[in-house]
>>> print(open('start.tsv').read())   # TSV, C-alpha atoms and all ligand atoms
chain	number	residue	atom	x	y	z
A	61	MET	CA	134.98	88.14	82.02
A	62	LYS	CA	134.19	91.80	82.62
A	63	THR	CA	131.82	91.81	79.64
A	64	LEU	CA	130.00	88.77	81.03
A	65	ARG	CA	129.61	90.45	84.43
A	66	ILE	CA	128.16	93.58	82.78
A	67	LEU	CA	125.79	91.41	80.70
A	68	PHE	CA	124.53	89.52	83.79
A	69	SER	CA	124.06	92.77	85.73
A	70	PHE	CA	122.08	94.19	82.79
A	71	LEU	CA	119.88	91.06	82.58
A	72	PHE	CA	119.32	91.18	86.35
A	73	ILE	CA	118.16	94.82	86.20
A	74	VAL	CA	115.91	94.09	83.19
A	75	SER	CA	114.30	91.15	85.03
A	76	ILE	CA	113.60	93.34	88.10
A	77	VAL	CA	112.12	96.17	86.00
A	78	THR	CA	109.90	93.88	83.88
A	79	GLY	CA	108.83	91.98	87.04
A	80	ALA	CA	107.80	95.24	88.70
A	81	GLN	CA	105.90	96.25	85.55
A	82	ALA	CA	104.06	92.89	85.47
A	83	GLN	CA	103.06	93.38	89.10
A	84	SER	CA	101.78	96.88	88.43
A	85	LYS	CA	99.76	95.59	85.46
A	86	ALA	CA	98.07	93.06	87.76
A	87	GLY	CA	97.52	95.83	90.31
A	88	LYS	CA	95.95	98.06	87.66
A	89	ALA	CA	93.67	95.23	86.53
A	90	ALA	CA	92.56	94.66	90.14
A	91	LEU	CA	91.76	98.37	90.61
A	92	GLU	CA	90.03	98.53	87.23
A	93	ASN	CA	87.84	95.60	88.33
A	94	ILE	CA	86.89	97.47	91.53
A	95	HIS	CA	85.98	100.60	89.56
A	96	GLN	CA	84.02	98.68	86.91
A	97	ARG	CA	81.82	96.81	89.40
A	98	LYS	CA	78.19	97.92	89.31
A	99	SER	CA	74.82	96.52	90.28
A	100	VAL	CA	73.39	94.65	87.31
A	101	ARG	CA	69.68	93.83	87.41
A	102	THR	CA	68.98	92.46	83.91
A	103	TYR	CA	70.47	89.21	82.59
A	104	SER	CA	70.64	87.13	79.42
A	105	ASP	CA	69.56	83.47	79.50
A	106	LYS	CA	73.17	82.19	79.35
A	107	LYS	CA	74.00	79.72	82.14
A	108	ILE	CA	76.97	80.05	84.51
A	109	PRO	CA	79.45	77.14	84.17
A	110	ASP	CA	79.89	75.20	87.43
A	111	ASN	CA	83.63	75.91	87.55
A	112	VAL	CA	82.95	79.66	87.31
A	113	MET	CA	80.45	79.50	90.19
A	114	THR	CA	83.11	77.65	92.23
A	115	GLU	CA	85.60	80.45	91.54
A	116	LEU	CA	83.07	83.10	92.62
A	117	LEU	CA	82.56	81.24	95.89
A	118	ARG	CA	86.31	80.75	96.33
A	119	ALA	CA	86.73	84.55	96.06
A	120	ALA	CA	83.90	85.08	98.57
A	121	MET	CA	85.65	82.72	101.01
A	122	ALA	CA	88.93	84.64	100.63
A	123	ALA	CA	87.43	87.64	102.49
A	124	PRO	CA	88.91	88.75	105.81
A	125	THR	CA	86.98	87.89	108.99
A	126	GLY	CA	87.34	88.80	112.66
A	127	MET	CA	89.61	86.22	114.30
A	128	ASN	CA	89.47	84.29	111.01
A	129	VAL	CA	86.15	82.73	112.04
A	130	GLN	CA	84.86	82.48	108.41
A	131	PRO	CA	81.19	82.35	109.47
A	132	TRP	CA	79.79	81.96	105.94
A	133	HIS	CA	77.64	79.36	104.23
A	134	PHE	CA	76.32	79.72	100.68
A	135	ILE	CA	73.07	78.46	99.19
A	136	VAL	CA	73.21	78.38	95.38
A	137	LEU	CA	69.79	78.28	93.71
A	138	THR	CA	69.07	77.78	90.01
A	139	ASP	CA	65.59	76.24	90.05
A	140	THR	CA	63.35	79.27	89.48
A	141	SER	CA	60.22	77.21	90.23
A	142	GLN	CA	61.25	77.36	93.93
A	143	TYR	CA	61.67	81.13	94.06
A	144	ASP	CA	58.06	82.13	94.80
A	145	ARG	CA	58.08	79.81	97.83
A	146	ILE	CA	61.56	80.76	99.11
A	147	PHE	CA	61.40	84.51	98.59
A	148	ALA	CA	57.63	84.91	99.07
A	149	GLY	CA	57.51	88.02	96.89
A	150	ASN	CA	59.71	89.95	99.34
A	151	PHE	CA	62.44	90.59	96.76
A	152	ASN	CA	62.59	91.77	93.13
A	153	MET	CA	61.23	88.53	91.67
A	154	ARG	CA	61.63	89.65	88.04
A	155	MET	CA	65.35	90.13	88.66
A	156	PHE	CA	65.74	86.82	90.51
A	157	LYS	CA	63.89	84.78	87.88
A	158	GLU	CA	65.83	86.34	85.02
A	159	SER	CA	69.21	85.61	86.66
A	160	ALA	CA	71.10	82.38	86.02
A	161	ALA	CA	71.59	81.75	89.75
A	162	VAL	CA	70.62	83.29	93.04
A	163	VAL	CA	73.16	82.92	95.83
A	164	ILE	CA	72.11	83.37	99.46
A	165	LEU	CA	75.10	84.37	101.59
A	166	CYS	CA	74.45	83.19	105.14
A	167	ALA	CA	76.33	83.57	108.42
A	168	ASP	CA	76.56	81.23	111.35
A	169	THR	CA	76.40	83.69	114.25
A	170	THR	CA	78.15	81.23	116.57
A	171	TYR	CA	81.43	79.32	116.41
A	172	MET	CA	83.38	76.71	118.35
A	173	ARG	CA	86.78	77.75	119.78
A	174	PRO	CA	88.71	77.55	123.03
A	175	THR	CA	88.15	80.74	125.03
A	176	ARG	CA	90.80	83.50	125.18
A	177	ASP	CA	91.21	82.83	128.91
A	178	ASN	CA	91.89	79.16	128.27
A	179	PRO	CA	93.43	78.96	124.76
A	180	ASN	CA	94.58	75.36	125.21
A	181	GLY	CA	91.25	74.24	126.65
A	182	PRO	CA	88.32	72.60	124.90
A	183	ALA	CA	86.42	74.33	122.09
A	184	VAL	CA	83.27	75.95	123.42
A	185	LEU	CA	80.31	77.58	121.71
A	186	GLN	CA	80.86	81.34	121.30
A	187	ILE	CA	78.79	84.19	119.92
A	188	ASN	CA	80.30	85.96	116.90
A	189	ARG	CA	79.60	89.67	117.49
A	190	ILE	CA	81.08	90.86	114.19
A	191	TRP	CA	79.58	88.44	111.67
A	192	ARG	CA	77.85	91.32	109.85
A	193	ASP	CA	81.21	92.89	109.05
A	194	ASP	CA	82.57	89.52	107.90
A	195	MET	CA	79.60	89.03	105.60
A	196	GLY	CA	79.90	92.53	104.11
A	197	ALA	CA	83.48	91.75	103.09
A	198	CYS	CA	82.40	88.34	101.80
A	199	THR	CA	79.55	89.76	99.71
A	200	GLU	CA	81.80	92.42	98.18
A	201	ASN	CA	84.44	89.81	97.29
A	202	PHE	CA	81.72	87.76	95.59
A	203	LEU	CA	80.55	90.80	93.59
A	204	LEU	CA	84.10	91.65	92.52
A	205	ALA	CA	84.65	88.09	91.32
A	206	CYS	CA	81.41	88.34	89.31
A	207	GLU	CA	82.73	91.50	87.65
A	208	ALA	CA	86.06	89.81	86.89
A	209	TYR	CA	84.23	86.96	85.12
A	210	GLY	CA	82.07	89.36	83.05
A	211	LEU	CA	79.02	88.48	85.11
A	212	GLY	CA	76.43	90.93	86.40
A	213	ALA	CA	75.21	90.75	90.00
A	214	CYS	CA	73.23	92.80	92.49
A	215	TRP	CA	73.68	92.83	96.28
A	216	THR	CA	70.16	92.52	97.64
A	217	ALA	CA	69.59	93.22	101.32
A	218	CYS	CA	68.20	90.39	103.43
A	219	TYR	CA	69.43	90.94	107.01
A	220	PRO	CA	68.03	92.77	109.03
A	221	PHE	CA	64.58	92.70	107.39
A	222	PRO	CA	62.40	90.05	109.10
A	223	ASP	CA	60.06	89.49	106.13
A	224	ARG	CA	63.01	88.82	103.81
A	225	MET	CA	64.87	86.64	106.31
A	226	ASN	CA	61.97	84.60	107.64
A	227	SER	CA	60.72	83.06	104.41
A	228	ILE	CA	64.27	81.95	103.55
A	229	LYS	CA	64.94	80.59	107.03
A	230	GLU	CA	61.69	78.63	107.09
A	231	THR	CA	61.59	77.26	103.54
A	232	LEU	CA	65.26	76.27	103.45
A	233	ASN	CA	65.34	74.99	107.06
A	234	LEU	CA	68.32	77.05	108.14
A	235	PRO	CA	69.75	76.06	111.54
A	236	PRO	CA	68.59	78.45	114.33
A	237	THR	CA	71.99	80.18	114.61
A	238	VAL	CA	72.29	80.80	110.84
A	239	VAL	CA	71.14	84.12	109.36
A	240	PRO	CA	70.61	84.80	105.63
A	241	TYR	CA	72.63	88.01	105.27
A	242	SER	CA	72.50	88.98	101.58
A	243	VAL	CA	70.96	87.57	98.42
A	244	VAL	CA	72.80	88.00	95.12
A	245	PRO	CA	71.26	87.22	91.72
A	246	VAL	CA	73.99	86.54	89.14
A	247	GLY	CA	73.93	86.23	85.36
A	248	TYR	CA	75.53	87.45	82.16
A	249	PRO	CA	74.39	91.07	81.64
A	250	ARG	CA	71.60	91.68	79.11
A	251	LEU	CA	72.08	95.46	78.96
A	252	ASN	CA	75.18	97.58	79.22
A	253	GLU	CA	74.99	98.94	82.77
A	254	LYS	CA	77.80	101.36	83.66
A	255	PRO	CA	79.54	101.92	86.99
A	256	LYS	CA	78.64	105.09	88.88
A	257	ASP	CA	81.29	107.71	89.58
A	258	LYS	CA	81.35	108.03	93.37
A	259	TRP	CA	84.64	109.91	93.79
A	260	LYS	CA	84.03	112.83	96.18
A	261	PRO	CA	87.28	114.34	97.47
A	262	GLU	CA	85.30	116.47	99.97
A	263	LYS	CA	84.57	113.25	101.90
A	264	ILE	CA	88.25	112.89	102.79
A	265	HIS	CA	89.54	114.49	105.99
A	266	TYR	CA	93.30	114.66	106.46
A	267	GLY	CA	94.51	114.86	110.02
A	268	ARG	CA	91.26	116.44	111.33
A	269	TRP	CA	87.54	116.58	110.42
B	1	LIG	C1	73.68	96.53	101.94
B	1	LIG	C2	73.13	96.72	100.54
B	1	LIG	C3	71.82	96.42	100.30
B	1	LIG	C4	71.29	96.55	99.02
B	1	LIG	N1	69.99	96.16	98.80
B	1	LIG	C5	69.49	96.23	97.54
B	1	LIG	C6	68.18	95.77	97.28
B	1	LIG	O1	67.49	95.29	98.16
B	1	LIG	N2	67.72	95.85	96.01
B	1	LIG	C7	68.48	96.34	94.98
B	1	LIG	O2	68.00	96.39	93.85
B	1	LIG	N3	69.74	96.80	95.21
B	1	LIG	C8	70.25	96.76	96.45
B	1	LIG	N4	71.55	97.17	96.69
B	1	LIG	C9	72.36	97.72	95.59
B	1	LIG	C10	72.48	99.23	95.70
B	1	LIG	O3	71.26	99.83	95.31
B	1	LIG	C11	73.66	99.70	94.84
B	1	LIG	O4	74.85	99.12	95.31
B	1	LIG	C12	73.82	101.22	94.86
B	1	LIG	O5	72.74	101.85	94.24
B	1	LIG	C13	75.10	101.67	94.19
B	1	LIG	O6	75.14	101.20	92.84
B	1	LIG	P1	76.30	100.26	92.30
B	1	LIG	O7	76.24	98.95	93.04
B	1	LIG	O8	76.00	100.10	90.85
B	1	LIG	O9	77.60	100.94	92.56
B	1	LIG	C14	72.10	97.03	97.96
B	1	LIG	C15	73.43	97.34	98.22
B	1	LIG	C16	73.96	97.16	99.49
B	1	LIG	C17	75.42	97.43	99.74
>>> encode(input="start.tsv", output="structure tokens")
Amino acid sequence: MKTLRILFSFLFIVSIVTGAQAQSKAGKAALENIHQRKSVRTYSDKKIPDNVMTELLRAAMAAPTGMNVQPWHFIVLTDTSQYDRIFAGNFNMRMFKESAAVVILCADTTYMRPTRDNPNGPAVLQINRIWRDDMGACTENFLLACEAYGLGACWTACYPFPDRMNSIKETLNLPPTVVPYSVVPVGYPRLNEKPKDKWKPEKIHYGRW
């Protein structure tokens, strides 16, 4: 009986230790993915499977947002013959046309919710004042998912540049409250771009500036 008890205790401890190790392996992989992410601007002609694109967008939609408003909409483009019209030469067209897909990450700057003063009242139209922050988190999640799938991608600024935003808004008929925030070409890397080392301990201030 005593031997059995010792054996079970041993197995219990082993299961805890190996479980903790498995978790730390996953944690290391997640950090490694963050550190490996880089802007990739050249792509092979390999297509992105639909299920992979869905997973990239699922990761983008997992981002945190103020009051959980989730203001995003995504426009996935693969027909390069439309690009001259949509982007009107305002972006790096060589990069866009070489990529397997260009994803426009948009934000609805308004949302429907009951007001704070009347939380059980009817949903009313409200202005989202922090959609830019939401979309930054969303774009970064999308880029990290690209890295995890061995894809290359490049965050390309859209908001707040009127020339970049206007051609997209007009050609794709975005609703008036929707803003194209960032544009991300995605594809399998053609070259071997490396992440930059950005670690600068002098940027950290403990307790005081
Ligand atoms: C808000 C934002 C806007 C950017 N706009 C562009 C852009 O218009 N064109 C481009 O080639 N790269 C753009 N980039 C990519 C940056 O140039 C790149 O992130 C930076 O040089 C650091 O390199 P890394 O992404 O490889 O770490 C943008 C990045 C951010 C975060």
>>> closest_atom_pairs(input="start.tsv", of="chain A", to="ligand LIG 1 (chain B)", cutoff="9 Å", atoms="only C-alpha atoms and all ligand atoms", output="Markdown table")
| residue | atom | partner | partner_atom | distance |
| --- | --- | --- | --- | --- |
| A:His95 | CA | B:LIG1 | O9 | 8.9 |
| A:Gln96 | CA | B:LIG1 | O9 | 8.8 |
| A:Arg97 | CA | B:LIG1 | O9 | 6.7 |
| A:Lys98 | CA | B:LIG1 | O8 | 3.5 |
| A:Ser99 | CA | B:LIG1 | O8 | 3.8 |
| A:Val100 | CA | B:LIG1 | O8 | 7.0 |
| A:Arg101 | CA | B:LIG1 | O2 | 7.1 |
| A:Phe151 | CA | B:LIG1 | O1 | 7.0 |
| A:Asn152 | CA | B:LIG1 | O2 | 7.2 |
| A:Met155 | CA | B:LIG1 | O2 | 8.6 |
| A:Gly196 | CA | B:LIG1 | C1 | 7.7 |
| A:Thr199 | CA | B:LIG1 | C17 | 8.7 |
| A:Glu200 | CA | B:LIG1 | C17 | 8.3 |
| A:Ala213 | CA | B:LIG1 | O7 | 8.8 |
| A:Cys214 | CA | B:LIG1 | C9 | 5.9 |
| A:Trp215 | CA | B:LIG1 | C14 | 4.8 |
| A:Thr216 | CA | B:LIG1 | C5 | 3.8 |
| A:Ala217 | CA | B:LIG1 | N1 | 3.9 |
| A:Cys218 | CA | B:LIG1 | O1 | 7.2 |
| A:Tyr219 | CA | B:LIG1 | C1 | 8.7 |
| A:Ser242 | CA | B:LIG1 | C3 | 7.6 |
| A:Val243 | CA | B:LIG1 | O1 | 8.5 |
| A:Glu253 | CA | B:LIG1 | O8 | 8.2 |
| A:Lys254 | CA | B:LIG1 | O8 | 7.5 |
| A:Pro255 | CA | B:LIG1 | O8 | 5.5 |
| A:Lys256 | CA | B:LIG1 | O9 | 5.6 |
| A:Asp257 | CA | B:LIG1 | O9 | 8.3 |
| A:Lys258 | CA | B:LIG1 | O9 | 8.1 |
>>> write_last_selection(input="start.tsv", atoms="C-alpha atoms", output="PDB file, in the frame of the given file")
ATOM      1  CA  HIS A  95      85.980 100.600  89.560  1.00  0.00           C
ATOM      2  CA  GLN A  96      84.020  98.680  86.910  1.00  0.00           C
ATOM      3  CA  ARG A  97      81.820  96.810  89.400  1.00  0.00           C
ATOM      4  CA  LYS A  98      78.190  97.920  89.310  1.00  0.00           C
ATOM      5  CA  SER A  99      74.820  96.520  90.280  1.00  0.00           C
ATOM      6  CA  VAL A 100      73.390  94.650  87.310  1.00  0.00           C
ATOM      7  CA  ARG A 101      69.680  93.830  87.410  1.00  0.00           C
ATOM      8  CA  PHE A 151      62.440  90.590  96.760  1.00  0.00           C
ATOM      9  CA  ASN A 152      62.590  91.770  93.130  1.00  0.00           C
ATOM     10  CA  MET A 155      65.350  90.130  88.660  1.00  0.00           C
ATOM     11  CA  GLY A 196      79.900  92.530 104.110  1.00  0.00           C
ATOM     12  CA  THR A 199      79.550  89.760  99.710  1.00  0.00           C
ATOM     13  CA  GLU A 200      81.800  92.420  98.180  1.00  0.00           C
ATOM     14  CA  ALA A 213      75.210  90.750  90.000  1.00  0.00           C
ATOM     15  CA  CYS A 214      73.230  92.800  92.490  1.00  0.00           C
ATOM     16  CA  TRP A 215      73.680  92.830  96.280  1.00  0.00           C
ATOM     17  CA  THR A 216      70.160  92.520  97.640  1.00  0.00           C
ATOM     18  CA  ALA A 217      69.590  93.220 101.320  1.00  0.00           C
ATOM     19  CA  CYS A 218      68.200  90.390 103.430  1.00  0.00           C
ATOM     20  CA  TYR A 219      69.430  90.940 107.010  1.00  0.00           C
ATOM     21  CA  SER A 242      72.500  88.980 101.580  1.00  0.00           C
ATOM     22  CA  VAL A 243      70.960  87.570  98.420  1.00  0.00           C
ATOM     23  CA  GLU A 253      74.990  98.940  82.770  1.00  0.00           C
ATOM     24  CA  LYS A 254      77.800 101.360  83.660  1.00  0.00           C
ATOM     25  CA  PRO A 255      79.540 101.920  86.990  1.00  0.00           C
ATOM     26  CA  LYS A 256      78.640 105.090  88.880  1.00  0.00           C
ATOM     27  CA  ASP A 257      81.290 107.710  89.580  1.00  0.00           C
ATOM     28  CA  LYS A 258      81.350 108.030  93.370  1.00  0.00           C
TER      29      LYS A 258
END
>>> closest_residue(input="start.tsv", among="A:Ala205, A:Ile190, A:Met195, A:Ala167", to="A:Thr114", atoms="all atoms listed in the file")
A:Ala205
>>> atom_distance(input="start.tsv", atom1="atom CA of A:Leu165", atom2="atom CA of A:Leu185")
21.9 Å
>>> closest_residue(input="start.tsv", among="A:Ser227, A:Leu91, A:Tyr143, A:Trp191", to="A:Met127", atoms="all atoms listed in the file")
A:Trp191
>>> closest_atom_pairs(input="start.tsv", of="stretch 220-252 of chain A", to="stretch 133-136 of chain A", cutoff="10 Å", atoms="only C-alpha atoms", output="Markdown table")
| residue | atom | partner | partner_atom | distance |
| --- | --- | --- | --- | --- |
| A:Leu232 | CA | A:Ile135 | CA | 9.2 |
| A:Val238 | CA | A:His133 | CA | 8.6 |
| A:Val239 | CA | A:His133 | CA | 9.6 |
| A:Pro240 | CA | A:His133 | CA | 9.0 |
| A:Val243 | CA | A:Ile135 | CA | 9.4 |
| A:Val244 | CA | A:Val136 | CA | 9.6 |
| A:Pro245 | CA | A:Val136 | CA | 9.8 |
>>> atom_distance(input="start.tsv", atom1="atom CA of A:Met121", atom2="atom CA of A:Ala208")
15.8 Å
>>> closest_residue(input="start.tsv", among="A:Thr237, A:Asn226, A:Asn178, A:Asn252", to="A:Arg145", atoms="only C-alpha atoms")
A:Asn226
>>> residues_near_point(input="start.tsv", point="(79.8, 79.5, 120.2)", cutoff="10 Å", atoms="only C-alpha atoms", output="list in words")
Asp168, Thr169, Thr170, Tyr171, Met172, Arg173, Pro174, Thr175, Ala183, Val184, Leu185, Gln186, Ile187, Asn188 and Thr237 of chain A
>>> residues_around(input="start.tsv", residues="A:Leu116", least_positions_apart="3", cutoff="8 Å", atoms="all atoms listed in the file", output="count of residues only")
7
>>> closest_residue(input="start.tsv", among="A:Ala86, A:Val129, A:Ala160, A:Met225", to="A:Arg189", atoms="only C-alpha atoms")
A:Val129
>>> build_atoms(input="start.tsv", residues="stretch 137-148 of chain A", atoms="N, CA and C atoms", output="short mmCIF file (atom, residue, chain, number, x, y, z; two decimals), keeping the file's coordinate frame")
data_model
loop_
_atom_site.label_atom_id
_atom_site.label_comp_id
_atom_site.auth_asym_id
_atom_site.auth_seq_id
_atom_site.Cartn_x
_atom_site.Cartn_y
_atom_site.Cartn_z
N LEU A 137 71.09 78.70 94.27
CA LEU A 137 69.79 78.28 93.71
C LEU A 137 69.77 78.54 92.21
N THR A 138 69.24 77.57 91.46
CA THR A 138 69.07 77.78 90.01
C THR A 138 67.67 77.37 89.55
N ASP A 139 66.92 76.72 90.42
CA ASP A 139 65.59 76.24 90.05
C ASP A 139 64.56 77.34 90.33
N THR A 140 64.22 78.09 89.28
CA THR A 140 63.35 79.27 89.48
C THR A 140 61.96 78.88 89.98
N SER A 141 61.56 77.61 89.78
CA SER A 141 60.22 77.21 90.23
C SER A 141 60.11 77.25 91.76
N GLN A 142 61.27 77.29 92.45
CA GLN A 142 61.25 77.36 93.93
C GLN A 142 61.18 78.79 94.45
N TYR A 143 61.43 79.76 93.57
CA TYR A 143 61.67 81.13 94.06
C TYR A 143 60.45 81.78 94.73
N ASP A 144 59.25 81.50 94.19
CA ASP A 144 58.06 82.13 94.80
C ASP A 144 57.92 81.67 96.25
N ARG A 145 58.21 80.38 96.48
CA ARG A 145 58.08 79.81 97.83
C ARG A 145 59.18 80.37 98.74
N ILE A 146 60.42 80.36 98.26
CA ILE A 146 61.56 80.76 99.11
C ILE A 146 61.55 82.26 99.42
N PHE A 147 61.26 83.05 98.40
CA PHE A 147 61.40 84.51 98.59
C PHE A 147 60.07 85.19 98.85
N ALA A 148 58.97 84.46 98.68
CA ALA A 148 57.63 84.91 99.07
C ALA A 148 57.33 86.34 98.61
#
